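**Q** Next up, structure-v7.tsv (TSV, C-alpha atoms).
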```tsv
chain	number	residue	atom	x	y	z
A	840	MET	CA	19.76	-16.68	27.30
A	841	SER	CA	23.17	-16.67	28.88
A	842	SER	CA	25.24	-13.52	29.16
A	843	TYR	CA	27.87	-15.10	26.89
A	844	ILE	CA	25.37	-15.39	24.02
A	845	LEU	CA	24.05	-11.87	24.61
A	846	ILE	CA	27.56	-10.39	24.60
A	847	THR	CA	28.39	-12.35	21.43
A	848	ILE	CA	25.29	-11.03	19.66
A	849	LEU	CA	26.00	-7.45	20.74
A	850	LEU	CA	29.66	-7.63	19.67
A	851	CYS	CA	28.72	-9.14	16.30
A	852	GLY	CA	26.23	-6.33	15.81
A	853	LEU	CA	28.88	-3.75	16.73
A	854	VAL	CA	31.41	-5.24	14.31
A	855	THR	CA	28.80	-5.31	11.53
A	856	TRP	CA	27.79	-1.72	12.23
A	857	LEU	CA	31.40	-0.50	12.36
A	858	SER	CA	32.34	-2.27	9.14
A	859	ARG	CA	29.52	-0.44	7.37
A	860	ILE	CA	29.98	3.01	8.95
A	861	VAL	CA	33.76	3.44	9.30
A	862	PRO	CA	34.55	3.35	5.54
A	863	PHE	CA	32.07	6.18	4.95
A	864	ALA	CA	33.52	8.20	7.81
A	865	ILE	CA	37.06	7.74	6.47
A	866	ILE	CA	36.27	8.53	2.84
A	867	LYS	CA	34.14	11.55	3.74
A	868	ASN	CA	37.21	13.76	4.05
A	869	LEU	CA	39.18	12.26	1.14
A	870	THR	CA	39.08	13.07	-2.55
A	871	VAL	CA	38.41	9.93	-4.53
A	872	PRO	CA	39.85	9.76	-8.07
A	873	HIS	CA	37.30	9.81	-10.87
A	874	TRP	CA	38.56	6.52	-12.33
A	875	LEU	CA	37.90	4.79	-8.99
A	876	ILE	CA	34.35	6.15	-8.83
A	877	ASN	CA	33.76	4.92	-12.40
A	878	PHE	CA	35.18	1.50	-11.51
A	879	LEU	CA	33.07	1.20	-8.37
A	880	SER	CA	29.91	2.12	-10.28
A	881	PHE	CA	29.96	-1.41	-11.76
A	882	VAL	CA	29.87	-3.13	-8.36
A	883	PRO	CA	26.06	-3.05	-7.87
A	884	VAL	CA	25.48	-4.43	-11.38
A	885	ALA	CA	28.00	-7.22	-10.83
A	886	ILE	CA	26.48	-8.18	-7.48
A	887	MET	CA	22.91	-8.16	-8.81
A	888	THR	CA	23.97	-10.24	-11.82
A	889	ALA	CA	25.61	-12.81	-9.58
A	890	ILE	CA	22.52	-13.05	-7.37
A	891	PHE	CA	20.22	-13.25	-10.41
A	892	VAL	CA	22.18	-15.97	-12.20
A	893	GLU	CA	22.62	-17.95	-8.98
A	894	SER	CA	18.83	-18.05	-8.52
A	895	LEU	CA	18.40	-19.50	-12.02
A	896	LEU	CA	20.69	-22.47	-11.40
A	897	VAL	CA	20.33	-25.58	-9.22
A	898	TYR	CA	23.49	-27.02	-7.69
A	899	HIS	CA	24.14	-30.75	-8.08
A	900	ALA	CA	27.20	-32.08	-6.25
A	901	GLY	CA	29.72	-33.45	-8.72
A	902	HIS	CA	27.75	-32.38	-11.80
A	903	TRP	CA	27.09	-29.30	-13.84
A	904	PRO	CA	24.38	-27.07	-12.42
A	905	GLY	CA	20.86	-27.56	-13.72
A	906	PHE	CA	18.26	-24.93	-14.50
A	907	ASN	CA	15.57	-23.77	-12.10
A	908	LEU	CA	12.81	-23.54	-14.72
A	909	PRO	CA	10.15	-21.81	-12.58
A	910	ASN	CA	12.61	-19.04	-11.73
A	911	ILE	CA	13.64	-18.75	-15.38
A	912	TYR	CA	10.01	-18.46	-16.50
A	913	ALA	CA	9.21	-15.86	-13.85
A	914	SER	CA	12.38	-13.91	-14.61
A	915	ILE	CA	11.54	-13.66	-18.31
A	916	SER	CA	8.38	-11.74	-17.51
A	917	ALA	CA	10.20	-9.63	-14.90
A	918	VAL	CA	12.99	-8.72	-17.32
A	919	LEU	CA	10.41	-7.83	-19.97
A	920	ALA	CA	8.62	-5.60	-17.46
A	921	GLY	CA	11.92	-3.92	-16.64
A	922	VAL	CA	12.77	-3.28	-20.28
A	923	LEU	CA	9.30	-1.92	-21.05
A	924	THR	CA	8.69	0.18	-17.93
A	925	LYS	CA	12.18	0.96	-16.55
A	926	SER	CA	10.55	0.65	-13.11
A	927	LEU	CA	11.97	-1.44	-10.29
A	928	LEU	CA	8.53	-1.67	-8.70
A	929	ALA	CA	7.08	-3.10	-11.93
A	930	VAL	CA	9.89	-5.67	-12.09
A	931	VAL	CA	9.32	-6.81	-8.52
A	932	ILE	CA	5.53	-6.99	-8.82
A	933	THR	CA	5.70	-8.77	-12.17
A	934	GLY	CA	8.20	-11.30	-10.82
A	935	ILE	CA	6.10	-12.00	-7.73
A	936	VAL	CA	2.87	-12.35	-9.72
A	937	ALA	CA	4.56	-14.58	-12.31
A	938	MET	CA	6.00	-16.88	-9.63
A	939	ALA	CA	2.66	-16.99	-7.81
A	940	ALA	CA	0.92	-17.92	-11.06
A	941	LEU	CA	3.48	-20.63	-11.79
A	942	ARG	CA	3.04	-22.10	-8.32
A	943	PHE	CA	-0.75	-21.88	-8.62
A	944	VAL	CA	-0.74	-23.98	-11.77
A	945	GLY	CA	1.77	-26.41	-10.25
A	946	TRP	CA	4.92	-25.51	-12.18
A	947	GLY	CA	6.78	-24.06	-9.22
```
Please rewrite the model in this file as structure tokens.
**A**
Amino acid sequence: MSSYILITILLCGLVTWLSRIVPFAIIKNLTVPHWLINFLSFVPVAIMTAIFVESLLVYHAGHWPGFNLPNIYASISAVLAGVLTKSLLAVVITGIVAMAALRFVGWG
């Protein structure tokens, strides 16, 4: 590996690390308004929803997206597990087992 590639990797790592640490260091000494904290509380839900919906759709260039049926079937059981147990671990395990079962029977 050339020194150019190594320096590039190290600098990219530094930039990534700084972009994640500096905002926390800056905001540590500031008082954040309550309305901003309430607004930012929706960010994780919005991100997870975008990731979830994106995994249920299949992109077709020039056409409407199609449905990824195995992911939809597996997500139904995972969502049910989440509603019934309120446990993230149960959701993850149920989703993995459901997808494994779908692939085992040839639907995935």
**Q** Do a neighbour search on Leu941 in chain A at 8 Å with all atoms listed in the file, toss out local chain neighbours closer than 4 positions, and write the hits as a PyMOL selection string.
**A** chain A and resi 909+913+937+945-947
**Q** Quick one: pull the distance between CA of Val944 in chain A and CA of Met887 in chain A, Å, one decimal.
**A**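 Interatomic distance, CA of Val944 in chain A to CA of Met887 in chain A: 28.6 Å.
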**Q** Work out how far apart CA of Ile890 in chain A and CA of Arg859 in chain A are and give it in Å to one decimal.
**A**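 Separating CA of Ile890 in chain A from CA of Arg859 in chain A is a distance of 20.6 Å.
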**Q** Contacts between range 842-851 of chain A and range 856-939 of chain A, please, where a residue of range 856-939 of chain A counts if it comes within 12 Å (with all atoms listed in the file); show its shortest atom pair and distance in Å to one decimal, rows by chain and ascending number, as CSV.
**A**
```
residue,atom,partner,partner_atom,distance
A:Trp856,CA,A:Cys851,CA,8.5
A:Leu857,CA,A:Cys851,CA,9.9
A:Ser858,CA,A:Cys851,CA,10.6
```
**Q** Could you please determine the separation between CA of Ser914 in chain A and CA of Val892 in chain A in Å, to one decimal place?
**A** 10.3 Å
**Q** Please list as JSON, numbers by chain every residue within 12 Å of Phe891 in chain A, counting only C-alpha atoms and excluding residues in the same chain fewer than 2 positions away.
**A** {"A": [884, 885, 886, 887, 888, 889, 893, 894, 895, 896, 907, 910, 911, 913, 914, 915, 917, 918]}
**Q** Using only C-alpha atoms, find the one residue out of A:Met840, A:Asn868, A:Leu927, A:Tyr912 that sits nearest to Ala939 in chain A.
**A**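 Closest residue, counting only C-alpha atoms: A:Tyr912.
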**Q** Using the file's own x, y and z axes, what box holds all listed atoms of range 936-939 of chain A with 5 Å on each side, keeping edges along x, y and z, and what are its centre and edge lengths in Å to one decimal, as JSON?
**A**
```
{"center_x": 4.3, "center_y": -14.7, "center_z": -10.1, "size_x": 13.3, "size_y": 14.6, "size_z": 14.5}
```
